[in-house]
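Novice: Take this structure, written in structure tokens, and hold onto it; I'll ask about it next.
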Amino acid sequence: MGVGTSFTVCSLFFIALLAIVFFSKQRLITLENKIYSYIIIVSLIGTIIGFPCYYFAKNYELFPLVGAIISKLYLIYLILWIMLFTLYVFIISKSKMENKKIINVSIFLGIICCITVCLLPLYFKSDGETVYT
């Protein structure tokens, strides 16, 4: 098991533990908590997507279509996570009046980035243990 998969296994354990603790308790219904719950869900899904991404990126020649789909899903996960985390930081630091505008701009930019990832091609270059896309 390589460093990437070992890190993913540890991350999966901790994110699952965080999800269990967070969703098992009562919490206030606020925009901050809602976005944070989305961050936890996206992180859990992204960590699960990370497992096949390592395999299919290393063996891209054997499964080019599946490798491209899984790799693009992983890139979309990264965009969604960055978008949600940025939105979370803005929401907790700005006044309530600006929240609607920030949410709309963030969602618009996230959709544009996800569409761009889906449309652009991927190029794989493998140097032993390292894979670049």
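Chain lettering (A, B, ...) mirrors the order of the structure tokens, residue numbering begins at 1 for each chain separately, and ligand numbering begins at 1 in order of display.
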Mind checking which residues fall within 12 Å of stretch 28-30 of chain A, counting only C-alpha atoms, ignoring those fewer than 6 positions away in the same chain, and posting them as a PyMOL selection string?

Specialist: chain A and resi 22+36-37+88+91-92+96

Novice: Give me a file of those residues, with all heavy atoms, as a compact mmCIF listing (two decimals), in the first residue's frame.

Specialist:
# COMPACT_ATOMS: atom_id res chain seq x y z
N PHE A 22 -20.88 14.25 14.39
CA PHE A 22 -21.59 15.48 14.03
C PHE A 22 -23.07 15.23 13.78
O PHE A 22 -23.92 15.99 14.25
CB PHE A 22 -20.95 16.11 12.79
CG PHE A 22 -21.57 17.42 12.38
CD1 PHE A 22 -21.25 18.58 13.06
CD2 PHE A 22 -22.48 17.49 11.34
CE1 PHE A 22 -21.83 19.79 12.70
CE2 PHE A 22 -23.06 18.69 10.98
CZ PHE A 22 -22.73 19.85 11.65
N TYR A 36 -21.31 23.37 6.86
CA TYR A 36 -20.36 22.44 7.46
C TYR A 36 -20.79 20.99 7.26
O TYR A 36 -19.95 20.12 7.00
CB TYR A 36 -20.20 22.75 8.95
CG TYR A 36 -19.08 22.00 9.60
CD1 TYR A 36 -17.76 22.31 9.34
CD2 TYR A 36 -19.35 20.95 10.49
CE1 TYR A 36 -16.73 21.60 9.93
CE2 TYR A 36 -18.33 20.25 11.08
CZ TYR A 36 -17.02 20.58 10.81
OH TYR A 36 -16.01 19.87 11.39
N SER A 37 -22.09 20.72 7.35
CA SER A 37 -22.56 19.36 7.11
C SER A 37 -22.33 18.95 5.66
O SER A 37 -21.98 17.80 5.38
CB SER A 37 -24.03 19.22 7.50
OG SER A 37 -24.85 19.98 6.66
N TYR A 88 -17.90 28.68 3.41
CA TYR A 88 -18.00 28.60 4.87
C TYR A 88 -17.20 29.72 5.54
O TYR A 88 -17.68 30.37 6.46
CB TYR A 88 -17.50 27.23 5.33
CG TYR A 88 -17.58 27.01 6.82
CD1 TYR A 88 -18.80 26.75 7.43
CD2 TYR A 88 -16.44 27.05 7.61
CE1 TYR A 88 -18.88 26.55 8.79
CE2 TYR A 88 -16.52 26.86 8.98
CZ TYR A 88 -17.73 26.60 9.56
OH TYR A 88 -17.81 26.42 10.92
N ILE A 91 -19.03 33.01 4.99
CA ILE A 91 -20.28 33.08 5.75
C ILE A 91 -20.01 33.40 7.22
O ILE A 91 -20.72 34.20 7.83
CB ILE A 91 -21.09 31.77 5.62
CG1 ILE A 91 -21.56 31.57 4.19
CG2 ILE A 91 -22.26 31.73 6.59
CD1 ILE A 91 -22.50 32.61 3.68
N ILE A 92 -18.98 32.79 7.80
CA ILE A 92 -18.73 33.04 9.21
C ILE A 92 -18.03 34.37 9.46
O ILE A 92 -17.98 34.84 10.59
CB ILE A 92 -17.93 31.90 9.88
CG1 ILE A 92 -16.55 31.74 9.27
CG2 ILE A 92 -18.70 30.61 9.82
CD1 ILE A 92 -15.67 30.75 9.99
N LYS A 96 -24.72 39.22 7.67
CA LYS A 96 -25.81 38.40 7.15
C LYS A 96 -26.40 38.95 5.85
O LYS A 96 -26.95 38.22 5.06
CB LYS A 96 -26.93 38.28 8.19
CG LYS A 96 -26.49 37.67 9.48
CD LYS A 96 -26.12 36.23 9.30
CE LYS A 96 -25.68 35.64 10.62
NZ LYS A 96 -24.92 34.46 10.50

Novice: Name the residues of stretch 67-123 of chain A that come out as alpha helix (DSSP H) in a backbone DSSP run; write them as a PDB file with N, CA, C and O atoms, in the first residue's frame.

Specialist:
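The result, written out as out.pdb:
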ATOM      1  N   GLY A  67     -10.947   5.235 -15.956  1.00  0.00           N
ATOM      2  CA  GLY A  67      -9.936   6.092 -15.326  1.00  0.00           C
ATOM      3  C   GLY A  67     -10.234   7.566 -15.515  1.00  0.00           C
ATOM      4  O   GLY A  67     -10.082   8.366 -14.585  1.00  0.00           O
ATOM      5  N   ALA A  68     -10.680   7.933 -16.703  1.00  0.00           N
ATOM      6  CA  ALA A  68     -11.012   9.333 -16.965  1.00  0.00           C
ATOM      7  C   ALA A  68     -12.229   9.769 -16.153  1.00  0.00           C
ATOM      8  O   ALA A  68     -12.250  10.865 -15.588  1.00  0.00           O
ATOM      9  N   ILE A  69     -13.238   8.905 -16.072  1.00  0.00           N
ATOM     10  CA  ILE A  69     -14.454   9.252 -15.322  1.00  0.00           C
ATOM     11  C   ILE A  69     -14.147   9.400 -13.836  1.00  0.00           C
ATOM     12  O   ILE A  69     -14.548  10.385 -13.204  1.00  0.00           O
ATOM     13  N   ILE A  70     -13.417   8.448 -13.271  1.00  0.00           N
ATOM     14  CA  ILE A  70     -13.089   8.496 -11.843  1.00  0.00           C
ATOM     15  C   ILE A  70     -12.197   9.700 -11.541  1.00  0.00           C
ATOM     16  O   ILE A  70     -12.395  10.398 -10.541  1.00  0.00           O
ATOM     17  N   SER A  71     -11.238   9.981 -12.414  1.00  0.00           N
ATOM     18  CA  SER A  71     -10.347  11.118 -12.185  1.00  0.00           C
ATOM     19  C   SER A  71     -11.096  12.440 -12.274  1.00  0.00           C
ATOM     20  O   SER A  71     -10.850  13.360 -11.488  1.00  0.00           O
ATOM     21  N   LYS A  72     -12.025  12.540 -13.200  1.00  0.00           N
ATOM     22  CA  LYS A  72     -12.817  13.773 -13.302  1.00  0.00           C
ATOM     23  C   LYS A  72     -13.759  13.921 -12.112  1.00  0.00           C
ATOM     24  O   LYS A  72     -13.972  15.025 -11.618  1.00  0.00           O
ATOM     25  N   LEU A  73     -14.304  12.812 -11.630  1.00  0.00           N
ATOM     26  CA  LEU A  73     -15.123  12.873 -10.419  1.00  0.00           C
ATOM     27  C   LEU A  73     -14.306  13.356  -9.227  1.00  0.00           C
ATOM     28  O   LEU A  73     -14.788  14.133  -8.395  1.00  0.00           O
ATOM     29  N   TYR A  74     -13.048  12.905  -9.152  1.00  0.00           N
ATOM     30  CA  TYR A  74     -12.183  13.337  -8.061  1.00  0.00           C
ATOM     31  C   TYR A  74     -11.859  14.825  -8.177  1.00  0.00           C
ATOM     32  O   TYR A  74     -11.848  15.549  -7.169  1.00  0.00           O
ATOM     33  N   LEU A  75     -11.628  15.301  -9.388  1.00  0.00           N
ATOM     34  CA  LEU A  75     -11.374  16.726  -9.582  1.00  0.00           C
ATOM     35  C   LEU A  75     -12.611  17.559  -9.251  1.00  0.00           C
ATOM     36  O   LEU A  75     -12.502  18.645  -8.670  1.00  0.00           O
ATOM     37  N   ILE A  76     -13.794  17.051  -9.601  1.00  0.00           N
ATOM     38  CA  ILE A  76     -15.031  17.742  -9.243  1.00  0.00           C
ATOM     39  C   ILE A  76     -15.200  17.767  -7.725  1.00  0.00           C
ATOM     40  O   ILE A  76     -15.633  18.778  -7.158  1.00  0.00           O
ATOM     41  N   TYR A  77     -14.848  16.666  -7.072  1.00  0.00           N
ATOM     42  CA  TYR A  77     -14.885  16.649  -5.608  1.00  0.00           C
ATOM     43  C   TYR A  77     -13.982  17.737  -5.029  1.00  0.00           C
ATOM     44  O   TYR A  77     -14.372  18.456  -4.110  1.00  0.00           O
ATOM     45  N   LEU A  78     -12.767  17.873  -5.555  1.00  0.00           N
ATOM     46  CA  LEU A  78     -11.853  18.895  -5.051  1.00  0.00           C
ATOM     47  C   LEU A  78     -12.424  20.297  -5.245  1.00  0.00           C
ATOM     48  O   LEU A  78     -12.333  21.147  -4.349  1.00  0.00           O
ATOM     49  N   ILE A  79     -13.029  20.546  -6.397  1.00  0.00           N
ATOM     50  CA  ILE A  79     -13.637  21.855  -6.656  1.00  0.00           C
ATOM     51  C   ILE A  79     -14.782  22.112  -5.686  1.00  0.00           C
ATOM     52  O   ILE A  79     -14.895  23.207  -5.116  1.00  0.00           O
ATOM     53  N   LEU A  80     -15.638  21.115  -5.485  1.00  0.00           N
ATOM     54  CA  LEU A  80     -16.767  21.287  -4.559  1.00  0.00           C
ATOM     55  C   LEU A  80     -16.295  21.529  -3.131  1.00  0.00           C
ATOM     56  O   LEU A  80     -16.849  22.372  -2.418  1.00  0.00           O
ATOM     57  N   TRP A  81     -15.260  20.819  -2.721  1.00  0.00           N
ATOM     58  CA  TRP A  81     -14.755  20.990  -1.365  1.00  0.00           C
ATOM     59  C   TRP A  81     -14.173  22.390  -1.187  1.00  0.00           C
ATOM     60  O   TRP A  81     -14.435  23.060  -0.183  1.00  0.00           O
ATOM     61  N   ILE A  82     -13.384  22.831  -2.157  1.00  0.00           N
ATOM     62  CA  ILE A  82     -12.810  24.181  -2.081  1.00  0.00           C
ATOM     63  C   ILE A  82     -13.911  25.231  -2.085  1.00  0.00           C
ATOM     64  O   ILE A  82     -13.862  26.208  -1.326  1.00  0.00           O
ATOM     65  N   MET A  83     -14.918  25.047  -2.932  1.00  0.00           N
ATOM     66  CA  MET A  83     -16.024  25.989  -2.997  1.00  0.00           C
ATOM     67  C   MET A  83     -16.768  26.052  -1.655  1.00  0.00           C
ATOM     68  O   MET A  83     -17.047  27.138  -1.142  1.00  0.00           O
ATOM     69  N   LEU A  84     -17.080  24.901  -1.083  1.00  0.00           N
ATOM     70  CA  LEU A  84     -17.799  24.869   0.187  1.00  0.00           C
ATOM     71  C   LEU A  84     -16.976  25.455   1.332  1.00  0.00           C
ATOM     72  O   LEU A  84     -17.493  26.192   2.169  1.00  0.00           O
ATOM     73  N   PHE A  85     -15.693  25.143   1.349  1.00  0.00           N
ATOM     74  CA  PHE A  85     -14.845  25.660   2.420  1.00  0.00           C
ATOM     75  C   PHE A  85     -14.693  27.174   2.308  1.00  0.00           C
ATOM     76  O   PHE A  85     -14.752  27.895   3.312  1.00  0.00           O
ATOM     77  N   THR A  86     -14.512  27.672   1.096  1.00  0.00           N
ATOM     78  CA  THR A  86     -14.427  29.116   0.885  1.00  0.00           C
ATOM     79  C   THR A  86     -15.732  29.792   1.276  1.00  0.00           C
ATOM     80  O   THR A  86     -15.731  30.844   1.934  1.00  0.00           O
ATOM     81  N   LEU A  87     -16.837  29.192   0.884  1.00  0.00           N
ATOM     82  CA  LEU A  87     -18.146  29.726   1.240  1.00  0.00           C
ATOM     83  C   LEU A  87     -18.333  29.736   2.757  1.00  0.00           C
ATOM     84  O   LEU A  87     -18.840  30.708   3.324  1.00  0.00           O
ATOM     85  N   TYR A  88     -17.895  28.682   3.411  1.00  0.00           N
ATOM     86  CA  TYR A  88     -17.998  28.598   4.868  1.00  0.00           C
ATOM     87  C   TYR A  88     -17.205  29.718   5.540  1.00  0.00           C
ATOM     88  O   TYR A  88     -17.682  30.368   6.459  1.00  0.00           O
ATOM     89  N   VAL A  89     -15.996  29.957   5.054  1.00  0.00           N
ATOM     90  CA  VAL A  89     -15.166  31.019   5.628  1.00  0.00           C
ATOM     91  C   VAL A  89     -15.817  32.380   5.417  1.00  0.00           C
ATOM     92  O   VAL A  89     -15.850  33.219   6.328  1.00  0.00           O
ATOM     93  N   PHE A  90     -16.355  32.627   4.225  1.00  0.00           N
ATOM     94  CA  PHE A  90     -17.019  33.901   3.976  1.00  0.00           C
ATOM     95  C   PHE A  90     -18.270  34.064   4.841  1.00  0.00           C
ATOM     96  O   PHE A  90     -18.536  35.141   5.360  1.00  0.00           O
ATOM     97  N   ILE A  91     -19.030  33.007   4.991  1.00  0.00           N
ATOM     98  CA  ILE A  91     -20.281  33.082   5.753  1.00  0.00           C
ATOM     99  C   ILE A  91     -20.009  33.396   7.224  1.00  0.00           C
ATOM    100  O   ILE A  91     -20.719  34.201   7.829  1.00  0.00           O
ATOM    101  N   ILE A  92     -18.983  32.787   7.795  1.00  0.00           N
ATOM    102  CA  ILE A  92     -18.725  33.041   9.215  1.00  0.00           C
ATOM    103  C   ILE A  92     -18.031  34.369   9.458  1.00  0.00           C
ATOM    104  O   ILE A  92     -17.984  34.838  10.590  1.00  0.00           O
ATOM    105  N   SER A  93     -17.504  34.994   8.411  1.00  0.00           N
ATOM    106  CA  SER A  93     -16.775  36.237   8.622  1.00  0.00           C
ATOM    107  C   SER A  93     -17.489  37.482   8.097  1.00  0.00           C
ATOM    108  O   SER A  93     -17.066  38.585   8.388  1.00  0.00           O
ATOM    109  N   ASN A  99     -24.696  37.484   2.608  1.00  0.00           N
ATOM    110  CA  ASN A  99     -24.657  36.034   2.452  1.00  0.00           C
ATOM    111  C   ASN A  99     -25.282  35.550   1.147  1.00  0.00           C
ATOM    112  O   ASN A  99     -24.739  34.672   0.482  1.00  0.00           O
ATOM    113  N   LYS A 100     -26.425  36.094   0.765  1.00  0.00           N
ATOM    114  CA  LYS A 100     -27.123  35.630  -0.433  1.00  0.00           C
ATOM    115  C   LYS A 100     -26.283  35.863  -1.677  1.00  0.00           C
ATOM    116  O   LYS A 100     -26.185  34.993  -2.548  1.00  0.00           O
ATOM    117  N   LYS A 101     -25.656  37.015  -1.773  1.00  0.00           N
ATOM    118  CA  LYS A 101     -24.816  37.341  -2.927  1.00  0.00           C
ATOM    119  C   LYS A 101     -23.589  36.421  -2.987  1.00  0.00           C
ATOM    120  O   LYS A 101     -23.242  35.907  -4.045  1.00  0.00           O
ATOM    121  N   ILE A 102     -22.970  36.181  -1.844  1.00  0.00           N
ATOM    122  CA  ILE A 102     -21.791  35.313  -1.784  1.00  0.00           C
ATOM    123  C   ILE A 102     -22.156  33.889  -2.177  1.00  0.00           C
ATOM    124  O   ILE A 102     -21.424  33.225  -2.914  1.00  0.00           O
ATOM    125  N   ILE A 103     -23.289  33.408  -1.700  1.00  0.00           N
ATOM    126  CA  ILE A 103     -23.732  32.047  -2.030  1.00  0.00           C
ATOM    127  C   ILE A 103     -23.976  31.918  -3.532  1.00  0.00           C
ATOM    128  O   ILE A 103     -23.530  30.954  -4.164  1.00  0.00           O
ATOM    129  N   ASN A 104     -24.666  32.888  -4.124  1.00  0.00           N
ATOM    130  CA  ASN A 104     -24.955  32.826  -5.561  1.00  0.00           C
ATOM    131  C   ASN A 104     -23.690  32.859  -6.406  1.00  0.00           C
ATOM    132  O   ASN A 104     -23.551  32.088  -7.362  1.00  0.00           O
ATOM    133  N   VAL A 105     -22.764  33.735  -6.078  1.00  0.00           N
ATOM    134  CA  VAL A 105     -21.506  33.825  -6.827  1.00  0.00           C
ATOM    135  C   VAL A 105     -20.703  32.542  -6.665  1.00  0.00           C
ATOM    136  O   VAL A 105     -20.138  32.009  -7.634  1.00  0.00           O
ATOM    137  N   SER A 106     -20.650  32.008  -5.454  1.00  0.00           N
ATOM    138  CA  SER A 106     -19.896  30.782  -5.193  1.00  0.00           C
ATOM    139  C   SER A 106     -20.473  29.597  -5.964  1.00  0.00           C
ATOM    140  O   SER A 106     -19.730  28.812  -6.563  1.00  0.00           O
ATOM    141  N   ILE A 107     -21.794  29.462  -5.956  1.00  0.00           N
ATOM    142  CA  ILE A 107     -22.428  28.364  -6.695  1.00  0.00           C
ATOM    143  C   ILE A 107     -22.193  28.514  -8.193  1.00  0.00           C
ATOM    144  O   ILE A 107     -21.879  27.536  -8.886  1.00  0.00           O
ATOM    145  N   PHE A 108     -22.298  29.730  -8.704  1.00  0.00           N
ATOM    146  CA  PHE A 108     -22.072  29.974 -10.130  1.00  0.00           C
ATOM    147  C   PHE A 108     -20.640  29.606 -10.533  1.00  0.00           C
ATOM    148  O   PHE A 108     -20.430  28.901 -11.530  1.00  0.00           O
ATOM    149  N   LEU A 109     -19.656  30.067  -9.758  1.00  0.00           N
ATOM    150  CA  LEU A 109     -18.263  29.744 -10.069  1.00  0.00           C
ATOM    151  C   LEU A 109     -17.986  28.243  -9.942  1.00  0.00           C
ATOM    152  O   LEU A 109     -17.234  27.669 -10.738  1.00  0.00           O
ATOM    153  N   GLY A 110     -18.589  27.591  -8.946  1.00  0.00           N
ATOM    154  CA  GLY A 110     -18.420  26.151  -8.783  1.00  0.00           C
ATOM    155  C   GLY A 110     -18.975  25.373  -9.966  1.00  0.00           C
ATOM    156  O   GLY A 110     -18.363  24.420 -10.448  1.00  0.00           O
ATOM    157  N   ILE A 111     -20.148  25.776 -10.453  1.00  0.00           N
ATOM    158  CA  ILE A 111     -20.745  25.113 -11.618  1.00  0.00           C
ATOM    159  C   ILE A 111     -19.882  25.314 -12.854  1.00  0.00           C
ATOM    160  O   ILE A 111     -19.648  24.364 -13.618  1.00  0.00           O
ATOM    161  N   ILE A 112     -19.379  26.525 -13.057  1.00  0.00           N
ATOM    162  CA  ILE A 112     -18.507  26.802 -14.209  1.00  0.00           C
ATOM    163  C   ILE A 112     -17.244  25.943 -14.142  1.00  0.00           C
ATOM    164  O   ILE A 112     -16.823  25.349 -15.145  1.00  0.00           O
ATOM    165  N   CYS A 113     -16.645  25.849 -12.971  1.00  0.00           N
ATOM    166  CA  CYS A 113     -15.424  25.030 -12.821  1.00  0.00           C
ATOM    167  C   CYS A 113     -15.710  23.550 -13.055  1.00  0.00           C
ATOM    168  O   CYS A 113     -14.914  22.857 -13.689  1.00  0.00           O
ATOM    169  N   CYS A 114     -16.836  23.052 -12.555  1.00  0.00           N
ATOM    170  CA  CYS A 114     -17.174  21.632 -12.751  1.00  0.00           C
ATOM    171  C   CYS A 114     -17.439  21.328 -14.223  1.00  0.00           C
ATOM    172  O   CYS A 114     -17.016  20.284 -14.736  1.00  0.00           O
ATOM    173  N   ILE A 115     -18.117  22.228 -14.916  1.00  0.00           N
ATOM    174  CA  ILE A 115     -18.353  22.039 -16.354  1.00  0.00           C
ATOM    175  C   ILE A 115     -17.035  22.063 -17.107  1.00  0.00           C
ATOM    176  O   ILE A 115     -16.810  21.253 -18.022  1.00  0.00           O
ATOM    177  N   THR A 116     -16.132  22.964 -16.724  1.00  0.00           N
ATOM    178  CA  THR A 116     -14.819  23.028 -17.368  1.00  0.00           C
ATOM    179  C   THR A 116     -14.039  21.736 -17.176  1.00  0.00           C
ATOM    180  O   THR A 116     -13.409  21.236 -18.113  1.00  0.00           O
ATOM    181  N   VAL A 117     -14.078  21.171 -15.970  1.00  0.00           N
ATOM    182  CA  VAL A 117     -13.384  19.899 -15.717  1.00  0.00           C
ATOM    183  C   VAL A 117     -13.958  18.795 -16.583  1.00  0.00           C
ATOM    184  O   VAL A 117     -13.224  17.959 -17.124  1.00  0.00           O
ATOM    185  N   CYS A 118     -15.280  18.780 -16.743  1.00  0.00           N
ATOM    186  CA  CYS A 118     -15.913  17.734 -17.553  1.00  0.00           C
ATOM    187  C   CYS A 118     -15.564  17.864 -19.034  1.00  0.00           C
ATOM    188  O   CYS A 118     -15.446  16.853 -19.732  1.00  0.00           O
ATOM    189  N   LEU A 119     -15.383  19.082 -19.507  1.00  0.00           N
ATOM    190  CA  LEU A 119     -15.141  19.285 -20.933  1.00  0.00           C
ATOM    191  C   LEU A 119     -13.680  19.151 -21.336  1.00  0.00           C
ATOM    192  O   LEU A 119     -13.386  18.713 -22.450  1.00  0.00           O
TER     193      LEU A 119
END

Novice: Go through A:Leu62, A:Ile15, A:Leu120, A:Val21 one by one, measure the shortest atom-to-atom distance of each to A:Gly46 using only C-alpha atoms, and give the residue with the smallest value.

Specialist: A:Ile15

Novice: Residues near A:Phe23, anyone? I mean within 12 Å using only C-alpha atoms, not counting same-chain ones fewer than 6 positions away, as number ranges by chain.

Specialist: A: 15-17, 33-34, 36-38, 40-41

Novice: For atom CA of A:Phe124 and atom CA of A:Pro64, quote the distance in Å rounded to one decimal.

Specialist: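 These two atoms are separated by 10.0 Å.
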
Novice: Can you work out the spacing between atom CA of A:Leu122 and atom CA of A:Tyr54 in Å, to one decimal?

Specialist: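 Rounded to one decimal, the two atoms are 14.7 Å apart.
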
Novice: Pull the strand (DSSP E) assignments for chain A out of DSSP run on the backbone, and list those residues as a list in words.

Specialist: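 Filtering chain A down to strand (DSSP E) leaves Lys125, Ser126, Asp127, Thr130, Val131 and Tyr132 of chain A.
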
Novice: Residues of the last selection are to be written out with N, CA and C atoms, as a CSV table (one decimal), in the first residue's frame.

Specialist:
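What ended up in again.csv:
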chain,number,residue,atom,x,y,z
A,125,LYS,N,0.5,11.2,-16.8
A,125,LYS,CA,2.0,10.9,-16.9
A,125,LYS,C,2.4,10.2,-15.6
A,126,SER,N,2.9,9.0,-15.8
A,126,SER,CA,3.3,8.2,-14.6
A,126,SER,C,4.8,8.1,-14.5
A,127,ASP,N,5.3,8.4,-13.3
A,127,ASP,CA,6.8,8.2,-13.0
A,127,ASP,C,6.9,7.3,-11.8
A,130,THR,N,4.4,8.1,-8.8
A,130,THR,CA,3.7,9.4,-8.9
A,130,THR,C,2.9,9.5,-10.2
A,131,VAL,N,1.7,10.0,-10.1
A,131,VAL,CA,0.9,10.1,-11.3
A,131,VAL,C,0.4,11.6,-11.4
A,132,TYR,N,0.6,12.2,-12.5
A,132,TYR,CA,0.2,13.6,-12.7
A,132,TYR,C,-1.0,13.6,-13.7

Novice: Identify which of the residues A:Arg27, A:Leu12, A:Val66, A:Ala57 lies closest to A:Val42, counting only C-alpha atoms when measuring atom-to-atom distances.

Specialist: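 Smallest separation from A:Val42 among the options: A:Leu12.
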
Novice: How many Å lie between atom CA of A:Thr47 and atom CA of A:Ile20, rounded to one decimal?

Specialist: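 Atom-to-atom, atom CA of A:Thr47 to atom CA of A:Ile20, that is 15.4 Å.
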
Novice: Please identify all polymer residues within 10 Å of A:Phe51, counting only C-alpha atoms, omitting same-chain residues fewer than 6 positions from it, and present them as a count of residues only.

Specialist: 7
